[in-house]
Structures are given as C-alpha cells and as structure tokens.
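structure_12.txt (compact mmCIF, C-alpha atoms) appears below.
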```txt
# COMPACT_ATOMS: atom_id res chain seq x y z
CA MET V 1 11.45 -3.53 10.79
CA SER V 2 12.23 0.18 11.01
CA ARG V 3 14.14 -0.04 7.74
CA ALA V 4 11.05 -1.32 5.96
CA PHE V 5 8.94 1.36 7.66
CA PHE V 6 11.13 4.21 6.49
CA ALA V 7 11.50 2.69 3.03
CA LEU V 8 7.72 2.70 2.66
CA LEU V 9 7.39 6.19 4.15
CA LEU V 10 10.02 7.59 1.78
CA ARG V 11 8.51 5.84 -1.22
CA ASP V 12 5.08 7.28 -0.51
CA ILE V 13 6.45 10.78 -0.03
CA ARG V 14 8.38 10.52 -3.30
CA LEU V 15 5.38 9.18 -5.18
CA ALA V 16 3.16 11.96 -3.87
CA ALA V 17 5.72 14.60 -4.77
CA GLY V 18 6.13 13.21 -8.28
CA VAL V 19 3.97 13.74 -11.34
CA GLY V 20 0.35 12.76 -10.75
CA GLY V 21 1.04 12.00 -7.11
CA GLY V 22 -1.46 14.56 -5.87
CA GLY V 23 0.84 16.13 -3.28
CA GLY V 24 0.46 19.66 -4.60
CA MET V 25 -3.10 19.14 -5.75
CA ALA V 26 -4.60 19.47 -2.27
CA VAL V 27 -2.86 22.79 -1.67
CA PHE V 28 -4.14 24.22 -4.95
CA PHE V 29 -7.64 22.97 -4.21
CA PHE V 30 -7.39 24.64 -0.79
CA LEU V 31 -6.29 27.89 -2.48
CA VAL V 32 -9.14 27.81 -5.00
CA VAL V 33 -11.84 27.08 -2.44
CA VAL V 34 -10.64 29.82 -0.10
CA ALA V 35 -10.27 32.25 -3.00
CA ILE V 36 -13.87 31.81 -4.15
CA VAL V 37 -15.38 32.29 -0.68
CA PRO V 38 -15.21 36.13 -0.78
CA LEU V 39 -16.75 36.00 -4.25
CA GLY V 40 -19.65 34.02 -2.87
CA VAL V 41 -20.35 35.82 0.39
CA GLY V 42 -19.27 39.30 -0.68
CA PRO V 43 -16.31 41.47 0.36
CA ASP V 44 -17.77 42.45 3.73
CA ARG V 45 -14.67 42.52 5.93
CA PRO V 46 -16.19 42.03 9.39
CA MET V 47 -18.19 39.09 8.10
CA LEU V 48 -15.16 37.53 6.40
CA GLU V 49 -13.19 37.98 9.60
CA ARG V 50 -15.83 36.05 11.49
CA LEU V 51 -16.09 33.36 8.84
CA ALA V 52 -12.35 32.97 8.24
CA PRO V 53 -11.40 30.27 10.79
CA GLY V 54 -14.42 28.14 9.92
CA MET V 55 -13.98 28.52 6.16
CA LEU V 56 -10.29 27.69 6.39
CA TRP V 57 -11.04 24.54 8.37
CA VAL V 58 -13.83 23.40 6.05
CA ALA V 59 -11.66 23.99 2.99
CA LEU V 60 -8.82 22.12 4.67
CA LEU V 61 -11.05 19.13 5.41
CA LEU V 62 -12.19 18.97 1.80
CA ALA V 63 -8.65 19.31 0.49
CA ALA V 64 -7.47 16.50 2.75
CA LEU V 65 -10.35 14.29 1.56
CA LEU V 66 -9.47 14.94 -2.06
CA THR V 67 -6.25 12.95 -1.92
CA LEU V 68 -7.39 10.34 0.54
CA ASP V 69 -9.09 7.86 -1.81
CA ARG V 70 -5.82 6.94 -3.52
CA LEU V 71 -4.09 6.16 -0.22
CA PHE V 72 -4.49 2.38 -0.55
CA GLN V 73 -6.35 2.11 -3.84
CA ALA V 74 -3.34 2.81 -6.04
CA ASP V 75 -1.35 0.13 -4.23
CA ASN V 76 -4.22 -2.31 -4.50
CA GLU V 77 -4.68 -1.80 -8.23
CA ASP V 78 -1.07 -2.40 -9.23
CA GLY V 79 -0.48 -5.29 -6.84
CA SER V 80 1.82 -3.37 -4.50
CA LEU V 81 -0.46 -4.19 -1.58
CA ASP V 82 0.34 -7.91 -2.08
CA LEU V 83 4.02 -7.05 -1.87
CA LEU V 84 3.51 -4.83 1.17
CA SER V 85 1.74 -7.62 3.02
CA ALA V 86 4.64 -10.00 2.31
CA GLY V 87 7.13 -7.76 4.09
CA PRO V 88 8.24 -7.76 7.70
CA LEU V 89 5.79 -4.99 8.60
CA PRO V 90 2.36 -5.94 9.92
CA LEU V 91 -0.44 -4.20 7.99
CA GLU V 92 -1.03 -1.93 11.00
CA LEU V 93 2.42 -0.42 10.59
CA VAL V 94 1.93 -0.24 6.81
CA ALA V 95 -1.14 1.87 7.57
CA VAL V 96 0.85 4.04 9.99
CA ALA V 97 3.58 4.63 7.40
CA LYS V 98 1.10 5.47 4.67
CA SER V 99 -1.04 7.73 6.89
CA LEU V 100 2.05 9.52 8.13
CA ALA V 101 3.26 10.02 4.56
CA HIS V 102 -0.19 11.35 3.64
CA TRP V 103 -0.02 13.86 6.48
CA LEU V 104 3.50 14.96 5.54
CA VAL V 105 2.65 15.56 1.88
CA THR V 106 -0.95 16.80 2.29
CA GLY V 107 -1.71 17.92 5.85
CA LEU V 108 1.52 19.75 6.54
CA PRO V 109 1.56 21.79 3.29
CA LEU V 110 -2.06 22.76 3.96
CA VAL V 111 -1.12 24.02 7.42
CA ILE V 112 1.76 25.98 5.93
CA ALA V 113 -0.51 27.46 3.26
CA ALA V 114 -3.26 28.39 5.73
CA PRO V 115 -1.82 31.67 7.07
CA VAL V 116 -1.28 32.98 3.53
CA LEU V 117 -4.83 32.06 2.60
CA GLY V 118 -6.01 33.58 5.88
CA LEU V 119 -4.96 36.96 4.48
CA LEU V 120 -7.40 36.45 1.60
CA LEU V 121 -10.19 36.13 4.15
CA SER V 122 -8.81 39.03 6.21
CA LEU V 123 -8.17 36.77 9.15
CA PRO V 124 -7.09 38.92 12.12
CA PRO V 125 -3.32 38.59 12.58
CA GLU V 126 -3.67 37.86 16.29
CA THR V 127 -5.74 34.77 15.45
CA MET V 128 -3.08 33.40 13.11
CA PRO V 129 -0.81 31.65 15.69
CA SER V 130 -3.67 29.87 17.41
CA LEU V 131 -5.19 28.80 14.08
CA ILE V 132 -1.91 27.36 12.87
CA LEU V 133 -1.32 25.62 16.16
CA ALA V 134 -4.83 24.12 16.04
CA MET V 135 -4.32 22.96 12.46
CA LEU V 136 -0.94 21.48 13.29
CA VAL V 137 -2.47 19.53 16.16
CA GLY V 138 -5.64 18.55 14.29
CA THR V 139 -4.53 17.60 10.78
CA PRO V 140 -2.81 14.29 11.67
CA ALA V 141 -6.23 13.08 12.81
CA LEU V 142 -7.57 13.76 9.30
CA SER V 143 -4.99 11.43 7.74
CA PHE V 144 -5.31 8.70 10.34
CA ILE V 145 -9.12 8.68 10.49
CA GLY V 146 -9.25 8.99 6.73
CA ALA V 147 -7.03 5.94 6.30
CA VAL V 148 -9.84 3.77 7.69
CA GLY V 149 -12.27 5.08 5.09
CA ALA V 150 -9.69 4.70 2.34
CA ALA V 151 -9.00 1.11 3.41
CA LEU V 152 -12.69 0.24 3.56
CA THR V 153 -13.25 1.37 -0.02
CA VAL V 154 -9.96 0.04 -1.39
CA GLY V 155 -11.55 -2.49 -3.71
CA ILE V 156 -14.35 -0.26 -4.99
CA ARG V 157 -14.07 1.55 -8.26
CA ARG V 158 -14.64 5.28 -7.75
CA GLY V 159 -14.62 4.56 -4.04
CA GLY V 160 -13.38 8.08 -3.30
CA LEU V 161 -16.87 9.49 -2.97
CA LEU V 162 -17.93 6.66 -0.68
CA ALA V 163 -14.79 7.12 1.40
CA SER V 164 -15.64 10.81 1.77
CA LEU V 165 -19.16 10.01 2.91
CA LEU V 166 -17.84 7.49 5.42
CA VAL V 167 -15.11 9.71 6.76
CA LEU V 168 -16.66 13.19 6.88
CA PRO V 169 -18.92 12.50 9.90
CA PHE V 170 -15.83 11.45 11.85
CA TYR V 171 -14.11 14.71 10.89
CA ILE V 172 -16.83 16.77 12.60
CA PRO V 173 -15.20 16.74 16.08
CA VAL V 174 -11.91 17.86 14.54
CA LEU V 175 -13.75 20.68 12.79
CA ILE V 176 -15.64 21.80 15.90
CA PHE V 177 -12.66 21.87 18.23
CA GLY V 178 -10.34 23.16 15.52
CA VAL V 179 -12.54 26.15 14.85
CA GLY V 180 -13.15 26.50 18.58
CA ALA V 181 -9.46 26.74 19.34
CA ALA V 182 -8.92 29.33 16.62
CA SER V 183 -11.97 31.53 17.06
CA ALA V 184 -11.76 31.66 20.84
CA ALA V 185 -8.61 33.67 20.35
CA SER V 186 -10.22 36.06 17.90
CA ALA V 187 -13.26 36.55 20.13
CA GLY V 188 -10.96 37.91 22.81
CA PHE V 189 -11.18 35.28 25.53
CA GLU V 190 -7.89 33.58 24.92
CA GLY V 191 -7.44 31.71 28.12
CA GLU V 192 -9.63 28.79 29.00
CA ALA V 193 -11.98 28.07 26.08
CA GLY V 194 -9.29 28.07 23.41
CA ARG V 195 -6.94 25.99 25.51
CA GLN V 196 -9.61 23.42 26.24
CA ALA V 197 -10.55 23.13 22.59
CA LEU V 198 -6.90 22.68 21.70
CA LEU V 199 -6.44 19.98 24.32
CA LEU V 200 -9.52 18.13 23.08
CA LEU V 201 -8.22 18.42 19.53
CA GLY V 202 -4.95 16.88 20.70
CA ALA V 203 -6.89 14.07 22.36
CA ILE V 204 -8.75 13.34 19.13
CA THR V 205 -5.47 13.22 17.20
CA LEU V 206 -3.81 10.92 19.72
CA GLY V 207 -6.86 8.65 19.74
CA SER V 208 -6.94 8.46 15.96
CA LEU V 209 -3.20 7.69 15.86
CA VAL V 210 -3.93 4.59 17.92
CA ILE V 211 -7.27 3.46 16.51
CA GLY V 212 -6.88 4.48 12.86
CA PRO V 213 -4.10 2.05 11.86
CA PHE V 214 -5.87 -0.91 13.47
CA GLY V 215 -9.11 -0.07 11.72
CA ALA V 216 -7.36 0.44 8.40
CA ALA V 217 -5.44 -2.83 8.71
CA ALA V 218 -8.59 -4.77 9.58
CA ALA V 219 -10.38 -3.28 6.57
CA LEU V 220 -7.44 -4.10 4.29
CA ARG V 221 -7.35 -7.70 5.49
CA ALA V 222 -11.07 -8.06 4.86
CA ASN V 223 -10.55 -6.66 1.37
CA LEU V 224 -7.59 -8.83 0.49
CA ARG V 225 -9.58 -11.96 1.14
CA MET U 1 20.01 -21.30 2.45
CA THR U 2 20.72 -23.71 5.26
CA THR U 3 17.24 -25.18 5.35
CA SER U 4 17.74 -28.27 3.27
CA ASP U 5 15.05 -30.13 5.20
CA LEU U 6 12.47 -27.60 4.09
CA ARG U 7 9.07 -28.97 3.13
CA LEU U 8 5.86 -27.29 2.06
CA ILE U 9 2.96 -29.45 3.13
CA ALA U 10 -0.65 -28.84 2.19
CA CYS U 11 -3.37 -30.96 3.72
CA ASP U 12 -6.97 -31.05 2.51
CA LEU U 13 -7.02 -27.48 1.25
CA THR U 14 -10.33 -25.97 0.26
CA CYS U 15 -10.85 -22.83 -1.76
CA LEU U 16 -14.03 -20.78 -2.00
CA ARG U 17 -14.35 -17.83 -4.35
CA GLY U 18 -17.56 -15.83 -4.24
CA GLY U 19 -19.44 -18.77 -2.75
CA ARG U 20 -18.25 -21.14 -5.47
CA LEU U 21 -16.18 -24.14 -4.51
CA VAL U 22 -13.02 -23.93 -6.59
CA PHE U 23 -11.27 -26.99 -5.20
CA GLU U 24 -11.41 -29.14 -2.10
CA GLY U 25 -9.40 -31.87 -0.47
CA LEU U 26 -6.20 -30.73 -2.14
CA SER U 27 -3.08 -32.23 -0.59
CA PHE U 28 0.52 -32.14 -1.69
CA GLU U 29 3.99 -32.13 -0.29
CA ILE U 30 7.02 -30.46 -1.82
CA ALA U 31 10.53 -31.13 -0.61
CA ALA U 32 13.46 -28.74 -0.72
CA GLY U 33 14.96 -28.47 -4.15
CA SER U 34 11.85 -29.39 -6.08
CA ALA U 35 9.11 -27.54 -7.87
CA LEU U 36 5.38 -27.97 -8.11
CA VAL U 37 3.94 -26.96 -11.45
CA LEU U 38 0.25 -26.12 -11.32
CA THR U 39 -1.66 -26.75 -14.50
CA GLY U 40 -5.30 -26.81 -15.37
CA PRO U 41 -7.95 -24.88 -17.25
CA ASN U 42 -8.84 -21.25 -16.54
CA GLY U 43 -10.70 -20.87 -13.27
CA SER U 44 -9.41 -24.12 -11.82
CA GLY U 45 -7.83 -22.31 -8.89
CA LYS U 46 -4.15 -22.07 -9.82
CA SER U 47 -3.88 -18.40 -8.87
CA SER U 48 -6.13 -18.88 -5.84
CA LEU U 49 -3.90 -21.65 -4.52
CA LEU U 50 -0.82 -19.46 -4.95
CA ARG U 51 -2.54 -16.59 -3.16
CA GLN U 52 -3.56 -18.95 -0.37
CA ILE U 53 0.03 -20.05 0.12
CA ALA U 54 1.14 -16.41 0.06
CA GLY U 55 -1.38 -15.61 2.80
CA LEU U 56 -3.39 -13.31 0.55
CA LEU U 57 -6.50 -15.47 0.50
CA ASP U 58 -8.37 -17.22 3.28
CA ILE U 59 -8.09 -20.96 3.69
CA PRO U 60 -11.58 -22.02 4.84
CA GLU U 61 -10.53 -25.61 5.52
CA GLY U 62 -7.28 -27.49 5.58
CA ASN U 63 -3.74 -26.78 6.67
CA LEU U 64 -0.67 -25.34 5.12
CA LEU U 65 2.71 -25.78 6.72
CA LEU U 66 6.27 -24.82 5.85
CA LYS U 67 8.27 -27.38 7.76
CA GLY U 68 11.88 -26.62 8.57
CA GLY U 69 11.42 -22.93 7.87
CA ASP U 70 11.82 -20.00 10.19
CA GLY U 71 9.28 -20.60 12.94
CA GLU U 72 9.25 -16.92 13.83
CA ARG U 73 8.05 -15.81 10.43
CA SER U 74 4.90 -16.52 8.47
CA ILE U 75 4.95 -18.35 5.16
CA ALA U 76 4.28 -15.01 3.46
CA GLU U 77 7.46 -13.58 4.94
CA GLN U 78 9.51 -16.53 3.69
CA SER U 79 8.14 -16.50 0.19
CA HIS U 80 8.06 -14.34 -2.90
CA TYR U 81 4.72 -14.01 -4.61
CA VAL U 82 4.90 -12.72 -8.18
CA GLY U 83 1.39 -12.48 -9.55
CA HIS U 84 -0.24 -11.06 -12.65
CA LEU U 85 0.21 -7.54 -11.34
CA ASP U 86 3.79 -6.37 -11.33
CA ALA U 87 3.55 -4.11 -8.25
CA LEU U 88 5.47 -1.34 -9.99
CA LYS U 89 5.00 2.42 -9.87
CA PRO U 90 5.27 4.21 -13.23
CA SER U 91 7.03 7.26 -11.82
CA MET U 92 9.81 5.34 -10.07
CA SER U 93 12.93 4.35 -11.97
CA VAL U 94 14.06 0.75 -12.35
CA ILE U 95 16.81 1.08 -9.77
CA GLU U 96 14.58 3.02 -7.33
CA THR U 97 11.97 0.30 -7.56
CA LEU U 98 14.43 -2.45 -6.81
CA ARG U 99 16.05 -0.42 -4.03
CA PHE U 100 12.61 -0.01 -2.46
CA HIS U 101 11.85 -3.72 -2.79
CA VAL U 102 15.14 -4.63 -1.13
CA ALA U 103 14.77 -2.04 1.64
CA TYR U 104 11.14 -2.92 2.30
CA LEU U 105 11.78 -6.67 2.36
CA GLU U 106 14.92 -6.00 4.39
CA GLY U 107 17.33 -7.64 1.97
CA GLU U 108 20.93 -6.78 1.29
CA ARG U 109 21.85 -3.78 -0.81
CA ALA U 110 24.80 -5.65 -2.28
CA LEU U 111 22.42 -7.90 -4.18
CA ILE U 112 20.67 -5.08 -6.07
CA ASP U 113 23.17 -4.90 -8.93
CA PRO U 114 23.47 -8.67 -9.42
CA ALA U 115 19.67 -8.86 -9.48
CA LEU U 116 19.45 -6.21 -12.19
CA GLU U 117 22.05 -8.08 -14.21
CA ALA U 118 20.21 -11.36 -13.69
CA VAL U 119 17.14 -9.97 -15.44
CA ALA U 120 19.26 -8.01 -17.96
CA LEU U 121 17.95 -4.59 -16.97
CA GLY U 122 21.30 -3.14 -15.97
CA SER U 123 21.40 -0.73 -18.90
CA LEU U 124 17.91 0.60 -18.14
CA ALA U 125 18.52 1.24 -14.42
CA ASP U 126 17.69 4.95 -14.52
CA LEU U 127 14.65 4.71 -16.78
CA PRO U 128 11.23 5.34 -15.19
CA VAL U 129 9.08 2.23 -15.11
CA ALA U 130 6.45 4.03 -17.22
CA TYR U 131 8.69 3.64 -20.28
CA LEU U 132 9.30 -0.09 -19.87
CA SER U 133 7.61 -2.66 -22.07
CA ALA U 134 5.36 -5.32 -20.57
CA GLY U 135 8.15 -7.89 -20.70
CA GLN U 136 10.66 -5.53 -19.11
CA LYS U 137 8.19 -4.74 -16.31
CA ARG U 138 7.74 -8.44 -15.70
CA ARG U 139 11.53 -8.87 -15.56
CA LEU U 140 11.79 -6.05 -13.03
CA ALA U 141 9.09 -7.71 -10.91
CA LEU U 142 11.06 -10.96 -11.06
CA ALA U 143 14.29 -9.20 -10.05
CA ARG U 144 13.31 -9.24 -6.38
CA LEU U 145 13.52 -13.05 -6.45
CA VAL U 146 17.26 -12.62 -6.80
CA ALA U 147 17.64 -9.42 -4.81
CA VAL U 148 16.03 -10.77 -1.64
CA PRO U 149 16.72 -14.48 -1.16
CA ARG U 150 13.70 -16.30 0.22
CA PRO U 151 13.25 -20.06 0.20
CA LEU U 152 9.78 -20.27 -1.34
CA TRP U 153 8.90 -18.82 -4.75
CA LEU U 154 5.25 -18.53 -5.73
CA LEU U 155 5.04 -17.65 -9.39
CA ASP U 156 1.82 -17.02 -11.26
CA GLU U 157 2.43 -17.35 -15.01
CA PRO U 158 5.94 -15.94 -14.64
CA SER U 159 6.76 -16.29 -18.32
CA VAL U 160 3.89 -14.12 -19.59
CA ALA U 161 5.13 -11.30 -21.86
CA LEU U 162 8.72 -12.55 -21.70
CA ASP U 163 10.74 -13.06 -24.88
CA LYS U 164 12.65 -16.24 -25.57
CA ALA U 165 15.95 -15.09 -24.10
CA SER U 166 14.20 -13.87 -20.95
CA VAL U 167 12.33 -17.14 -20.52
CA GLU U 168 15.67 -18.95 -20.69
CA ARG U 169 17.12 -16.60 -18.09
CA LEU U 170 14.09 -17.23 -15.88
CA GLN U 171 14.53 -20.98 -16.31
CA SER U 172 18.13 -20.83 -15.23
CA LEU U 173 17.22 -18.62 -12.24
CA MET U 174 14.58 -21.11 -11.18
CA ASN U 175 16.87 -24.08 -11.59
CA THR U 176 19.60 -22.31 -9.60
CA HIS U 177 17.06 -21.65 -6.86
CA LEU U 178 16.06 -25.33 -6.81
CA ARG U 179 19.67 -26.50 -6.71
CA GLY U 180 20.19 -24.20 -3.72
CA GLY U 181 17.49 -26.04 -1.81
CA GLY U 182 14.59 -23.71 -2.55
CA ILE U 183 11.00 -24.56 -3.36
CA ILE U 184 9.01 -23.25 -6.30
CA VAL U 185 5.27 -23.38 -6.85
CA ALA U 186 4.45 -22.09 -10.30
CA ALA U 187 1.26 -21.85 -12.30
CA THR U 188 1.97 -22.05 -15.99
CA HIS U 189 0.71 -23.14 -19.37
CA LEU U 190 4.23 -23.34 -20.70
CA ASP U 191 6.81 -26.02 -20.10
CA LEU U 192 9.36 -24.16 -18.00
CA GLY U 193 11.91 -26.97 -18.23
CA LEU U 194 12.48 -27.27 -14.50
CA GLU U 195 14.60 -29.94 -12.96
CA ARG U 196 12.81 -32.06 -10.38
CA ALA U 197 9.35 -30.75 -11.07
CA GLN U 198 6.13 -32.51 -10.25
CA GLU U 199 2.86 -31.55 -11.82
CA LEU U 200 -0.37 -30.87 -10.00
CA ARG U 201 -3.34 -30.80 -12.30
CA LEU U 202 -6.17 -28.74 -10.86
CA GLY U 203 -9.85 -28.82 -11.66
CA ALA U 204 -9.79 -31.67 -14.15
CA GLY U 205 -13.37 -32.00 -15.27
CA VAL U 206 -14.70 -29.21 -13.05
CA SER U 207 -14.86 -26.45 -15.64
CA ALA U 208 -15.04 -27.49 -19.23
```
Whole structure, structure tokens version:
Amino acid sequence: MSRAFFALLLRDIRLAAGVGGGGGMAVFFFLVVVAIVPLGVGPDRPMLERLAPGMLWVALLLAALLTLDRLFQADNEDGSLDLLSAGPLPLELVAVAKSLAHWLVTGLPLVIAAPVLGLLLSLPPETMPSLILAMLVGTPALSFIGAVGAALTVGIRRGGLLASLLVLPFYIPVLIFGVGAASAASAGFEGEAGRQALLLLGAITLGSLVIGPFGAAAALRANLR
Amino acid sequence: MTTSDLRLIACDLTCLRGGRLVFEGLSFEIAAGSALVLTGPNGSGKSSLLRQIAGLLDIPEGNLLLKGGDGERSIAEQSHYVGHLDALKPSMSVIETLRFHVAYLEGERALIDPALEAVALGSLADLPVAYLSAGQKRRLALARLVAVPRPLWLLDEPSVALDKASVERLQSLMNTHLRGGGIIVAATHLDLGLERAQELRLGAGVSA
C-alpha cells in the first residue's frame, strides 16, 4: 500500500514540476501580486509594514487557489482517476497523496518565497521568523481543505472558479490566525497572543489533515457515479 | 493464476443513467478461461456494464460476484479496466508511465520490459506520451494488462485506433490470458477472434 502511495506522490510531484504542471506558476503569481501592492497603495513605508503580513497571506491564499482546480480534474479528464480507484489505495489515501503533493509543489515554494517578497513590502526583519513559521504551519491546511473543493467540482468544466468560491470561506480561519501569529510579533507583544494564534493555526491544519481526505474521497465517489 | 475455479456471476443487474433505464434484469455467468463479448447498438449500456463491474458506476439493483477470487480484495482490485480514455499523461515518457502503473498497482518491476515488448513499444520507451499516435497510446494503456497480472480484464473497445498487426497482438494476448484461466469481458464491434467466447447482446430493440 505504501508503495502505491509513494508512486502516486512522486508522479504528482513530477507532473507539477514538468511543463504545464503549474508548480512554478503559483510562485510567480505570488510574486506578481505582492509586487503590485506597493504600486496600488503607494510607497508609504510604515503603512506597507503594517499591511505586509496580511497582504502576504492574502496573496498566498490566492496563489494556492490558482493551482487547486486541476488537482483532481486533470486525472478525471484523461481517465487516470478510473485507474487510481482500481489500485490498492482507498480514495481517501489517494486524496492524501495528491493533497500532500500539492502542498510540496505549491505551498512549500510559496513559504520559501515569502521572506524574499516580504522585503518588497518592507516587512520588519524581526517579524520574518514568526511569519514563516505561521505559513509553514498553516499552508498544509490550504491544500487539504482545498482538495475537498477540487473534488466537488471535478466533473464541472471551468470548475476552478466554483472551487474557489466554495473553498475561500473555509480559508478565512487560516488567514485570521496566520496573520495573527505573524503580526503579533511585529506589534511587540510576542508572548501569548502570537503563540495562541500559532497553536490554533496548527489545530486547523491537523483538523483539515483528518477531515479533508474523507471529504474529498466522498465527493470523488459521488462524482464517479 | 491459481484460481481456475474463478467465476464472474451477475444476477439481475440494473443500470440507470441520468434517470433513464439502460438495462434491467441482466444476468450472466462467466467461467475461468472464457470471454464475454458485449455487443449492441450505441447507448445500449456496454460501457456502463463494464464500469459497473469495475466498480466505477453504481449498481442500483442486482448482484455482482467474483467467485473463487481473492475475498480480501474488491472486484475492482482484481480487474483491469481499459476504457475509452487511456489514462496517460502527455509529459511522462512511455517507460515512466508503465513504471508508475506497475508501482501504483503494486505489480512486479520485472514484468515492465516484457509488457513493453508485448505491445511493441520497446523502441519508444523514452519518448514522452505527447508524441505518441492514438494507436500507440492505446497500446501503452493495454500494456498494464501484461505488466500487472490480474484475473479479470474489462476492455471497452480495446481495438479502437489499433492497426492490423496490433489487433493481432491484442488477440494473442487475450487468448493467452484466457488459456491461463483468466476472464475477459469486452465490448466491441469487431470480431476479436477469441477462443471460448460467448456473446451478450445488449439493448436489442431498446434504441433503434
């Protein structure tokens, strides 16, 4: 069973890294969105500093959404999903493998890119570690919650927009506690508030790791029939 | 395959698609070593029946049983379903695709090369799937039949897009599978020249 799991995980990572896979696309989207923020709100440094954690999180959410719609749709269109459901893995574990691959090729590069982009928004250096930590803890939730939306819209043409509408409301807690964990540090009261936000963010991620795959598998089954 | 007492038994199967009754009261029994060839006009439910056996479509009424199979595994896990879609990724090479199929279905790596040879794609192993012709893609999809031995083959128009030599190769693969005690259910408009095949004609008179 683990052999099939890793085979699927590796295949998805390779496909995303290849031409048209969309692995790098999210990072470039992230870069573009963050780069145009100062153009929109003006080069006022104190304001940018205040906005930076929130803008980075919002841009990250949108970038993660961008690649989500193809998570199951591509496999559904070319018949791979039929093959995947004939393997030894239950659909729940298929969803885990695919969500994990999505996080590794989309979420993780976004987290790595965030500090560099933080410089563009003149993010205070002392905020950087807590922001990265919050993003590292929070981004898996984006992939695992998003998988449910992607699975629900798997059979719909241009379902990406619908998936975004379905999923975004569920991203709000991640956004709130993610920004909370990062900006508590920049506001000077590092101790309690930031730590609590980070713990809650971790709870959301752990919850989505458990619930997401079951939801996605149920949606896929309903769609296959 | 040690399961020579294998039987696929269908009892009073019903199929609904979008509220329309495609077929009902369908019963058949296939013994090890024989094939069931599904024929019938378009929309008579050949593909739907194959998808039902493969566990990809609900069975509203009736029973489906693989007797003498592995009780621990579902019918889907003991069968190969090759449908109209080839389940191939354009950016993966021929050999990568087959390696993935074997790893995912937990087959043996040693069978990858024989499988490529069986569908005559050995010389194209490193070519990305994007550059294959329709017939070559179909052959690659069929390669997993050889690469991962499973007792039940569910083939939906397997000969589509294949040239004459490839159809003959497919015939000999299918006959070898039957002689080894396997079961084949195939939907086709073409005479595949199978040994020990019975025909099931679907939807006679339903859709003109």
Determine, using only C-alpha atoms, which residues of chain V have any atom at most 9 Å from an atom of chain U, and tabulate each with its shortest atom pair and distance in Å to one decimal place, rows ordered by chain and then rising number, as a tab-separated table.
```
residue	atom	partner	partner_atom	distance
V:Met1	CA	U:Glu106	CA	7.7
V:Arg3	CA	U:Ala103	CA	6.5
V:Ala4	CA	U:Tyr104	CA	4.0
V:Phe5	CA	U:Tyr104	CA	7.2
V:Phe6	CA	U:Tyr104	CA	8.3
V:Ala7	CA	U:Tyr104	CA	5.7
V:Leu8	CA	U:Tyr104	CA	6.6
V:Arg11	CA	U:Phe100	CA	7.3
V:Arg14	CA	U:Met92	CA	8.6
V:Leu15	CA	U:Ser91	CA	7.1
V:Gly18	CA	U:Ser91	CA	7.0
V:Val19	CA	U:Ser91	CA	7.2
V:Gly20	CA	U:Ser91	CA	8.7
V:Gly21	CA	U:Ser91	CA	9.0
V:Asp75	CA	U:Ala87	CA	7.6
V:Asn76	CA	U:Ala87	CA	8.8
V:Glu77	CA	U:Leu85	CA	8.2
V:Asp78	CA	U:Ala87	CA	5.0
V:Gly79	CA	U:Ala87	CA	4.4
V:Ser80	CA	U:Ala87	CA	4.2
V:Leu81	CA	U:Ala87	CA	7.8
V:Asp82	CA	U:Leu56	CA	7.1
V:Leu83	CA	U:Ala87	CA	7.0
V:Leu84	CA	U:Tyr104	CA	7.9
V:Ser85	CA	U:Ala76	CA	7.8
V:Ala86	CA	U:Ala76	CA	5.2
V:Gly87	CA	U:Leu105	CA	5.1
V:Pro88	CA	U:Glu77	CA	6.5
V:Leu89	CA	U:Tyr104	CA	8.5
V:Arg221	CA	U:Leu56	CA	8.5
V:Leu224	CA	U:Leu56	CA	6.1
V:Arg225	CA	U:Leu57	CA	4.7
```
Using only C-alpha atoms, which residue out of V:Ala97, V:Leu162, V:Pro124, V:Leu206 lies closest to Leu51 (chain V)? V:Pro124
For the interface of region 65-184 of chain V with region 32-44 of chain V (cut-off 8 Å, counting only C-alpha atoms), please tabulate each contacting residue of region 65-184 of chain V alongside its nearest pair of atoms and their separation in Å to one decimal, rows sorted by chain and increasing number, as a Markdown table.
```
| residue | atom | partner | partner_atom | distance |
| --- | --- | --- | --- | --- |
| V:Leu117 | CA | V:Val34 | CA | 6.8 |
| V:Leu120 | CA | V:Ala35 | CA | 6.9 |
| V:Leu121 | CA | V:Pro38 | CA | 7.0 |
```
Requested write-out: C-alpha atoms of the selected residues, as a PDB file, in the frame of the given file:
```pdb
ATOM      1  CA  LEU V 117      -4.830  32.060   2.600  1.00  0.00           C
ATOM      2  CA  LEU V 120      -7.400  36.450   1.600  1.00  0.00           C
ATOM      3  CA  LEU V 121     -10.190  36.130   4.150  1.00  0.00           C
TER       4      LEU V 121
END
```
Distance cut-off 12 Å, centre (-13.0, 17.5, 14.1) in file coordinates, counting all atoms listed in the file: which residues qualify? Return them as a PyMOL selection string. chain V and resi 54+57-58+60-61+134-135+137-143+145-146+167-181+197-198+200-205+208
re CA of Ile183 (chain U) and CA of Leu152 (chain U): distance 4.9 Å
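Atom pair CA of Ala143 (chain U) / CA of Leu6 (chain U) has a distance of 23.3 Å (rounded to one decimal).
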Counting only C-alpha atoms, what is within 10 Å of His189 (chain U), bar same-chain residues fewer than 3 positions away, as a PyMOL selection string? chain U and resi 37-41+157+159-160+186+192
Show me, as an NGL selection string, the residues that have an atom within 7 Å of region 63-73 of chain V when counting only C-alpha atoms, minus same-chain residues fewer than 5 positions from it. :V and (22 or 26 or 29-30 or 106-107 or 146 or 150-151 or 154-155 or 159-160 or 163-164)
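Take CA of Glu108 (chain U) and CA of Gly180 (chain U): the distance between them is 18.1 Å.
Non-sequential neighbours of Phe144 (chain V) (distance at most 10 Å, separation of 6 or more positions within a chain, all atoms listed in the file) are Ala95, Val96, Lys98, Ser99, Leu100, His102, Trp103, Ala150, Thr205, Leu206, Gly207, Ser208, Leu209, Val210, Ile211, Gly212, Pro213, Gly215 and Ala216 of chain V.
Nearest to Leu202 (chain U) of all the residues U:Leu145, U:Ala134, U:Val22, U:Leu154 is U:Val22, based on only C-alpha atoms.
For the set U:Lys46, U:Arg7, U:Lys164, U:Arg139, the residue with the smallest atom-to-atom gap to Ser34 (chain U) is U:Arg7, counting all atoms listed in the file.
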